[in-house]
Amino acid sequence: MKLSKDTRSFQARLGYEFKDPELLIRALTHPSVSSPTREDNQRLEFLGDRVLGLVMATALLDHDKQATEGQLAPRFNALVRKETCADVAREIDVGSVLKLGRSEMMSGGRRKLALLGDATEAVIAAVYIDGGFDAAQEVILRLWGDRVGAVDEDARDPKTALQEYVQARREPPPSYVLVERSGPDHEPIFTIAVRLQDGTEERATAGSKRLAEQAAAKTLLENLVK
């Protein structure tokens, strides 16, 4: 199979040349355009998630030989979560070569965090199948760059950290309230408030509820521990 010019450019950005280009095409094919004769990337995504996890776990052990499991687990979660995969996808412009159905294209699918993260995992699996574990490991470590060394000592997500903070003080868990949704349907903006029992509150705005909740929790926790 001959790759299009755009896909060849993406392959160059990825830094890996496929022996079987069909694997790359499948990794970039969203379920919205799959058919009996065209496989989508869901099965590859499943495999790529596991390959990424093994590479990151190994990299963390190599980077910090004294870290405990309790220290390693939150760092690992920060490195493999969908947001990080989507950040990597944006750096190599996965969105420009995704094969999407019309409805997904119209709703801004090329910018959606979940689609970008899933496609990155699928591409990782395609490299693994095409070139083996060593090839996949080389691609992952290069794309993730200094993230392994720079991941925070305490990489727990802010919602978890906030909940643990209030529980340690024998207080009820925080609540999250949708304050406002704005913007077009294909690119909504959410404002979320996180509130404690005593009325303490912080708000944040982001392109997804989850990101807004995380941002609000982070700000509130930072204010509580000042």
# chains A, B, ... in the order shown; residues from 1 in each chain; ligands from 1

$ closest_atom_pairs --of "stretch 123-188 of chain A" --to "stretch 43-67 of chain A" --cutoff "9 Å" --atoms "only C-alpha atoms" --output "JSON lines"
{"residue": "A:Val123", "atom": "CA", "partner": "A:Gly48", "partner_atom": "CA", "distance": 7.2}
{"residue": "A:Ile124", "atom": "CA", "partner": "A:Gly48", "partner_atom": "CA", "distance": 5.2}
{"residue": "A:Ala125", "atom": "CA", "partner": "A:Gly48", "partner_atom": "CA", "distance": 4.1}
{"residue": "A:Ala126", "atom": "CA", "partner": "A:Leu44", "partner_atom": "CA", "distance": 6.8}
{"residue": "A:Tyr128", "atom": "CA", "partner": "A:Val51", "partner_atom": "CA", "distance": 7.8}
{"residue": "A:Phe133", "atom": "CA", "partner": "A:Val51", "partner_atom": "CA", "distance": 8.0}
{"residue": "A:Ala136", "atom": "CA", "partner": "A:Val51", "partner_atom": "CA", "distance": 7.8}
{"residue": "A:Gln137", "atom": "CA", "partner": "A:Val55", "partner_atom": "CA", "distance": 6.0}
{"residue": "A:Ile140", "atom": "CA", "partner": "A:Leu52", "partner_atom": "CA", "distance": 7.2}
{"residue": "A:Leu141", "atom": "CA", "partner": "A:Val55", "partner_atom": "CA", "distance": 7.9}
{"residue": "A:Val148", "atom": "CA", "partner": "A:Leu60", "partner_atom": "CA", "distance": 6.6}
{"residue": "A:Gly149", "atom": "CA", "partner": "A:His63", "partner_atom": "CA", "distance": 7.0}

$ write_last_selection --atoms "N, CA and C atoms" --output "PDB file, in the first residue's frame"
ATOM      1  N   VAL A 123      -1.120   3.939  17.294  1.00  0.00           N
ATOM      2  CA  VAL A 123       0.124   4.053  16.522  1.00  0.00           C
ATOM      3  C   VAL A 123       1.254   3.305  17.224  1.00  0.00           C
ATOM      4  N   ILE A 124       1.307   3.403  18.552  1.00  0.00           N
ATOM      5  CA  ILE A 124       2.319   2.665  19.313  1.00  0.00           C
ATOM      6  C   ILE A 124       2.183   1.165  19.056  1.00  0.00           C
ATOM      7  N   ALA A 125       0.944   0.666  19.080  1.00  0.00           N
ATOM      8  CA  ALA A 125       0.717  -0.755  18.820  1.00  0.00           C
ATOM      9  C   ALA A 125       1.135  -1.132  17.401  1.00  0.00           C
ATOM     10  N   ALA A 126       0.867  -0.255  16.449  1.00  0.00           N
ATOM     11  CA  ALA A 126       1.243  -0.529  15.060  1.00  0.00           C
ATOM     12  C   ALA A 126       2.760  -0.652  14.926  1.00  0.00           C
ATOM     13  N   TYR A 128       4.779  -1.535  17.340  1.00  0.00           N
ATOM     14  CA  TYR A 128       5.133  -2.764  18.049  1.00  0.00           C
ATOM     15  C   TYR A 128       4.935  -4.000  17.166  1.00  0.00           C
ATOM     16  N   PHE A 133       9.197  -5.000  20.031  1.00  0.00           N
ATOM     17  CA  PHE A 133       9.187  -4.192  21.248  1.00  0.00           C
ATOM     18  C   PHE A 133      10.281  -3.127  21.248  1.00  0.00           C
ATOM     19  N   ALA A 136       9.199  -0.128  19.293  1.00  0.00           N
ATOM     20  CA  ALA A 136       8.149   0.613  19.988  1.00  0.00           C
ATOM     21  C   ALA A 136       8.729   1.379  21.170  1.00  0.00           C
ATOM     22  N   GLN A 137       9.607   0.757  21.903  1.00  0.00           N
ATOM     23  CA  GLN A 137      10.237   1.418  23.053  1.00  0.00           C
ATOM     24  C   GLN A 137      11.020   2.652  22.615  1.00  0.00           C
ATOM     25  N   ILE A 140       8.532   5.449  21.693  1.00  0.00           N
ATOM     26  CA  ILE A 140       7.865   5.993  22.876  1.00  0.00           C
ATOM     27  C   ILE A 140       8.805   6.892  23.667  1.00  0.00           C
ATOM     28  N   LEU A 141      10.001   6.400  23.963  1.00  0.00           N
ATOM     29  CA  LEU A 141      10.922   7.188  24.785  1.00  0.00           C
ATOM     30  C   LEU A 141      11.319   8.486  24.089  1.00  0.00           C
ATOM     31  N   VAL A 148       9.644  11.628  31.498  1.00  0.00           N
ATOM     32  CA  VAL A 148       9.933  10.639  32.539  1.00  0.00           C
ATOM     33  C   VAL A 148      10.750  11.271  33.662  1.00  0.00           C
ATOM     34  N   GLY A 149      11.767  12.023  33.303  1.00  0.00           N
ATOM     35  CA  GLY A 149      12.600  12.644  34.316  1.00  0.00           C
ATOM     36  C   GLY A 149      11.949  13.833  35.004  1.00  0.00           C
TER      37      GLY A 149
END

$ closest_atom_pairs --of "stretch 82-150 of chain A" --to "stretch 29-32 of chain A" --cutoff "9 Å" --atoms "only C-alpha atoms" --output "tab-separated table"
residue	atom	partner	partner_atom	distance
A:Leu98	CA	A:Thr29	CA	6.2
A:Lys99	CA	A:Thr29	CA	4.8
A:Leu100	CA	A:His30	CA	5.5
A:Gly101	CA	A:Ser32	CA	4.7
A:Arg102	CA	A:Ser32	CA	8.1
A:Ser103	CA	A:Ser32	CA	8.0
A:Glu104	CA	A:Ser32	CA	7.1
A:Leu115	CA	A:His30	CA	8.0
A:Ala119	CA	A:His30	CA	8.0

$ residues_around --residues "A:Pro158" --least-positions-apart "3" --cutoff "12 Å" --atoms "only C-alpha atoms" --output "VMD selection string"
chain A and resid 74 78 154 to 155 161 to 165 174 194 210 to 222

$ closest_atom_pairs --of "stretch 90-169 of chain A" --to "stretch 11-20 of chain A" --cutoff "8 Å" --atoms "only C-alpha atoms" --output "Markdown table"
| residue | atom | partner | partner_atom | distance |
| --- | --- | --- | --- | --- |
| A:Ile92 | CA | A:Arg13 | CA | 5.9 |
| A:Val127 | CA | A:Phe18 | CA | 7.4 |
| A:Asp130 | CA | A:Lys19 | CA | 6.6 |
| A:Gly131 | CA | A:Phe18 | CA | 7.8 |
| A:Val139 | CA | A:Gly15 | CA | 7.0 |
| A:Leu143 | CA | A:Leu14 | CA | 7.9 |

$ write_last_selection --atoms "C-alpha atoms" --output "PDB file, in the first residue's frame"
ATOM      1  CA  ILE A  92       3.522  15.260  16.097  1.00  0.00           C
ATOM      2  CA  VAL A 127       4.958   0.132  15.581  1.00  0.00           C
ATOM      3  CA  ASP A 130       5.576  -3.950  12.669  1.00  0.00           C
ATOM      4  CA  GLY A 131       8.972  -3.664  14.309  1.00  0.00           C
ATOM      5  CA  VAL A 139       9.636   5.575  19.534  1.00  0.00           C
ATOM      6  CA  LEU A 143       8.243  11.062  21.823  1.00  0.00           C
TER       7      LEU A 143
END

$ select_by_dssp --residues "stretch 57-226 of chain A" --states "strand (DSSP E)" --output "ChimeraX atom specification"
/A:175-182,189-195,201-206

$ write_last_selection --atoms "N, CA, C and O atoms" --output "mmCIF file, in the first residue's frame"
data_model
loop_
_atom_site.group_PDB
_atom_site.id
_atom_site.type_symbol
_atom_site.label_atom_id
_atom_site.label_comp_id
_atom_site.auth_asym_id
_atom_site.auth_seq_id
_atom_site.Cartn_x
_atom_site.Cartn_y
_atom_site.Cartn_z
ATOM 1 N N SER A 175 -17.400 18.373 46.710
ATOM 2 C CA SER A 175 -18.400 18.181 45.660
ATOM 3 C C SER A 175 -18.023 19.025 44.454
ATOM 4 O O SER A 175 -17.409 20.087 44.589
ATOM 5 N N TYR A 176 -18.405 18.546 43.271
ATOM 6 C CA TYR A 176 -18.113 19.241 42.018
ATOM 7 C C TYR A 176 -19.429 19.597 41.334
ATOM 8 O O TYR A 176 -20.291 18.730 41.152
ATOM 9 N N VAL A 177 -19.564 20.867 40.994
ATOM 10 C CA VAL A 177 -20.819 21.370 40.444
ATOM 11 C C VAL A 177 -20.559 22.053 39.101
ATOM 12 O O VAL A 177 -19.635 22.880 38.990
ATOM 13 N N LEU A 178 -21.349 21.692 38.098
ATOM 14 C CA LEU A 178 -21.259 22.367 36.802
ATOM 15 C C LEU A 178 -21.930 23.732 36.922
ATOM 16 O O LEU A 178 -23.133 23.832 37.132
ATOM 17 N N VAL A 179 -21.131 24.779 36.805
ATOM 18 C CA VAL A 179 -21.639 26.141 36.939
ATOM 19 C C VAL A 179 -22.165 26.671 35.614
ATOM 20 O O VAL A 179 -23.217 27.306 35.539
ATOM 21 N N GLU A 180 -21.442 26.378 34.542
ATOM 22 C CA GLU A 180 -21.823 26.914 33.231
ATOM 23 C C GLU A 180 -21.232 26.066 32.121
ATOM 24 O O GLU A 180 -20.122 25.535 32.247
ATOM 25 N N ARG A 181 -21.982 25.932 31.049
ATOM 26 C CA ARG A 181 -21.472 25.347 29.812
ATOM 27 C C ARG A 181 -21.698 26.365 28.708
ATOM 28 O O ARG A 181 -22.810 26.879 28.543
ATOM 29 N N SER A 182 -20.663 26.656 27.955
ATOM 30 C CA SER A 182 -20.768 27.648 26.882
ATOM 31 C C SER A 182 -20.031 27.131 25.654
ATOM 32 O O SER A 182 -19.454 26.046 25.656
ATOM 33 N N ILE A 189 -17.197 24.630 26.384
ATOM 34 C CA ILE A 189 -16.372 25.117 27.481
ATOM 35 C C ILE A 189 -17.160 24.909 28.770
ATOM 36 O O ILE A 189 -18.320 25.313 28.873
ATOM 37 N N PHE A 190 -16.521 24.301 29.763
ATOM 38 C CA PHE A 190 -17.187 23.983 31.022
ATOM 39 C C PHE A 190 -16.551 24.766 32.173
ATOM 40 O O PHE A 190 -15.323 24.845 32.275
ATOM 41 N N THR A 191 -17.404 25.333 33.024
ATOM 42 C CA THR A 191 -16.945 25.963 34.255
ATOM 43 C C THR A 191 -17.438 25.110 35.419
ATOM 44 O O THR A 191 -18.637 24.876 35.560
ATOM 45 N N ILE A 192 -16.500 24.635 36.225
ATOM 46 C CA ILE A 192 -16.805 23.735 37.334
ATOM 47 C C ILE A 192 -16.389 24.393 38.650
ATOM 48 O O ILE A 192 -15.329 25.010 38.738
ATOM 49 N N ALA A 193 -17.244 24.241 39.671
ATOM 50 C CA ALA A 193 -16.900 24.686 41.016
ATOM 51 C C ALA A 193 -16.678 23.470 41.900
ATOM 52 O O ALA A 193 -17.455 22.507 41.857
ATOM 53 N N VAL A 194 -15.601 23.494 42.678
ATOM 54 C CA VAL A 194 -15.377 22.463 43.681
ATOM 55 C C VAL A 194 -15.621 23.111 45.045
ATOM 56 O O VAL A 194 -15.115 24.197 45.328
ATOM 57 N N ARG A 195 -16.425 22.438 45.874
ATOM 58 C CA ARG A 195 -16.847 23.025 47.149
ATOM 59 C C ARG A 195 -16.607 22.068 48.307
ATOM 60 O O ARG A 195 -16.817 20.867 48.174
ATOM 61 N N GLU A 201 -14.645 27.414 48.212
ATOM 62 C CA GLU A 201 -14.917 27.069 46.816
ATOM 63 C C GLU A 201 -13.863 27.651 45.892
ATOM 64 O O GLU A 201 -13.321 28.726 46.140
ATOM 65 N N GLU A 202 -13.587 26.920 44.819
ATOM 66 C CA GLU A 202 -12.768 27.434 43.723
ATOM 67 C C GLU A 202 -13.415 26.993 42.416
ATOM 68 O O GLU A 202 -14.077 25.956 42.355
ATOM 69 N N ARG A 203 -13.202 27.800 41.358
ATOM 70 C CA ARG A 203 -13.769 27.492 40.052
ATOM 71 C C ARG A 203 -12.670 27.441 38.995
ATOM 72 O O ARG A 203 -11.629 28.082 39.143
ATOM 73 N N ALA A 204 -12.952 26.683 37.944
ATOM 74 C CA ALA A 204 -12.019 26.614 36.818
ATOM 75 C C ALA A 204 -12.802 26.337 35.546
ATOM 76 O O ALA A 204 -13.896 25.773 35.580
ATOM 77 N N THR A 205 -12.223 26.735 34.430
ATOM 78 C CA THR A 205 -12.859 26.575 33.121
ATOM 79 C C THR A 205 -11.913 25.820 32.199
ATOM 80 O O THR A 205 -10.709 26.085 32.162
ATOM 81 N N ALA A 206 -12.476 24.856 31.447
ATOM 82 C CA ALA A 206 -11.664 24.059 30.514
ATOM 83 C C ALA A 206 -12.562 23.460 29.441
ATOM 84 O O ALA A 206 -13.792 23.587 29.503
#

$ closest_residue --among "A:Leu224, A:Ala135, A:Leu79, A:Met106" --to "A:Asp157" --atoms "only C-alpha atoms"
A:Leu79

$ atom_distance --atom1 "atom CA of A:Lys209" --atom2 "atom CA of A:Ala73"
24.2 Å

$ select_by_dssp --residues "chain A" --states "helix (DSSP H, G or I)" --output "VMD selection string"
chain A and resid 5 to 14 21 to 27 31 to 33 42 to 63 69 to 80 82 to 91 94 to 97 102 to 106 109 to 111 113 to 131 133 to 144 147 to 150 158 to 168 209 to 224

$ atom_distance --atom1 "atom CA of A:Val80" --atom2 "atom CA of A:Asn41"
18.1 Å

$ residues_around --residues "A:Ala89" --least-positions-apart "4" --cutoff "7 Å" --atoms "only C-alpha atoms" --output "list in words"
Cys85, Asp93, Val94, Leu116, Gly117 and Thr120 of chain A

$ write_last_selection --atoms "C-alpha atoms" --output "PDB file, in the first residue's frame"
ATOM      1  CA  CYS A  85      -0.980  10.792  25.098  1.00  0.00           C
ATOM      2  CA  ASP A  93       0.182  16.475  14.683  1.00  0.00           C
ATOM      3  CA  VAL A  94      -1.678  13.176  14.694  1.00  0.00           C
ATOM      4  CA  LEU A 116      -5.931  11.998  19.892  1.00  0.00           C
ATOM      5  CA  GLY A 117      -4.967   9.892  22.899  1.00  0.00           C
ATOM      6  CA  THR A 120      -1.439   7.685  19.797  1.00  0.00           C
TER       7      THR A 120
END

$ residues_around --residues "A:Pro21" --least-positions-apart "5" --cutoff "9 Å" --atoms "only C-alpha atoms" --output "ChimeraX atom specification"
/A:1-3,26,130

$ atom_distance --atom1 "atom CA of A:Glu39" --atom2 "atom CA of A:Asp118"
14.9 Å

$ closest_residue --among "A:Arg38, A:Arg75, A:Arg81, A:Lys112" --to "A:Val151" --atoms "only C-alpha atoms"
A:Arg75

$ decode --residues "stretch 118-186 of chain A" --atoms "C-alpha atoms" --output "mmCIF file, in the first residue's frame"
data_model
loop_
_atom_site.group_PDB
_atom_site.id
_atom_site.type_symbol
_atom_site.label_atom_id
_atom_site.label_comp_id
_atom_site.auth_asym_id
_atom_site.auth_seq_id
_atom_site.Cartn_x
_atom_site.Cartn_y
_atom_site.Cartn_z
ATOM 1 C CA ASP A 118 -6.542 6.758 21.452
ATOM 2 C CA ALA A 119 -4.815 7.272 18.106
ATOM 3 C CA THR A 120 -1.439 7.685 19.797
ATOM 4 C CA GLU A 121 -1.880 4.373 21.600
ATOM 5 C CA ALA A 122 -2.956 2.726 18.333
ATOM 6 C CA VAL A 123 0.124 4.053 16.522
ATOM 7 C CA ILE A 124 2.319 2.665 19.313
ATOM 8 C CA ALA A 125 0.717 -0.755 18.820
ATOM 9 C CA ALA A 126 1.243 -0.529 15.060
ATOM 10 C CA VAL A 127 4.958 0.132 15.581
ATOM 11 C CA TYR A 128 5.133 -2.764 18.049
ATOM 12 C CA ILE A 129 3.525 -5.210 15.608
ATOM 13 C CA ASP A 130 5.576 -3.950 12.669
ATOM 14 C CA GLY A 131 8.972 -3.664 14.309
ATOM 15 C CA GLY A 132 8.862 -5.401 17.687
ATOM 16 C CA PHE A 133 9.187 -4.192 21.248
ATOM 17 C CA ASP A 134 12.582 -2.496 20.835
ATOM 18 C CA ALA A 135 11.240 -0.336 17.995
ATOM 19 C CA ALA A 136 8.149 0.613 19.988
ATOM 20 C CA GLN A 137 10.237 1.418 23.053
ATOM 21 C CA GLU A 138 12.565 3.654 21.029
ATOM 22 C CA VAL A 139 9.636 5.575 19.534
ATOM 23 C CA ILE A 140 7.865 5.993 22.876
ATOM 24 C CA LEU A 141 10.922 7.188 24.785
ATOM 25 C CA ARG A 142 11.787 9.669 22.045
ATOM 26 C CA LEU A 143 8.243 11.062 21.823
ATOM 27 C CA TRP A 144 7.817 11.272 25.603
ATOM 28 C CA GLY A 145 11.190 13.018 25.800
ATOM 29 C CA ASP A 146 12.057 14.402 29.235
ATOM 30 C CA ARG A 147 8.618 13.675 30.663
ATOM 31 C CA VAL A 148 9.933 10.639 32.539
ATOM 32 C CA GLY A 149 12.600 12.644 34.316
ATOM 33 C CA ALA A 150 10.408 15.686 34.859
ATOM 34 C CA VAL A 151 7.288 13.953 36.189
ATOM 35 C CA ASP A 152 6.417 15.397 39.597
ATOM 36 C CA GLU A 153 7.525 13.576 42.723
ATOM 37 C CA ASP A 154 3.873 13.505 43.716
ATOM 38 C CA ALA A 155 2.015 13.057 40.451
ATOM 39 C CA ARG A 156 -1.354 12.206 41.952
ATOM 40 C CA ASP A 157 -4.146 13.907 40.089
ATOM 41 C CA PRO A 158 -5.442 16.982 41.969
ATOM 42 C CA LYS A 159 -8.904 15.491 42.647
ATOM 43 C CA THR A 160 -7.360 12.507 44.423
ATOM 44 C CA ALA A 161 -4.924 14.690 46.340
ATOM 45 C CA LEU A 162 -7.720 17.041 47.465
ATOM 46 C CA GLN A 163 -9.936 14.175 48.578
ATOM 47 C CA GLU A 164 -7.110 12.632 50.592
ATOM 48 C CA TYR A 165 -6.404 16.022 52.168
ATOM 49 C CA VAL A 166 -9.962 16.538 53.430
ATOM 50 C CA GLN A 167 -10.379 12.904 54.473
ATOM 51 C CA ALA A 168 -7.254 13.182 56.618
ATOM 52 C CA ARG A 169 -9.102 15.958 58.468
ATOM 53 C CA ARG A 170 -12.200 13.786 58.837
ATOM 54 C CA GLU A 171 -14.233 16.076 56.614
ATOM 55 C CA PRO A 172 -16.763 15.035 53.933
ATOM 56 C CA PRO A 173 -15.379 14.710 50.394
ATOM 57 C CA PRO A 174 -15.537 17.760 48.102
ATOM 58 C CA SER A 175 -18.400 18.181 45.660
ATOM 59 C CA TYR A 176 -18.113 19.241 42.018
ATOM 60 C CA VAL A 177 -20.819 21.370 40.444
ATOM 61 C CA LEU A 178 -21.259 22.367 36.802
ATOM 62 C CA VAL A 179 -21.639 26.141 36.939
ATOM 63 C CA GLU A 180 -21.823 26.914 33.231
ATOM 64 C CA ARG A 181 -21.472 25.347 29.812
ATOM 65 C CA SER A 182 -20.768 27.648 26.882
ATOM 66 C CA GLY A 183 -19.366 27.551 23.366
ATOM 67 C CA PRO A 184 -20.532 25.552 20.332
ATOM 68 C CA ASP A 185 -21.500 21.892 20.609
ATOM 69 C CA HIS A 186 -18.346 20.749 18.836
#
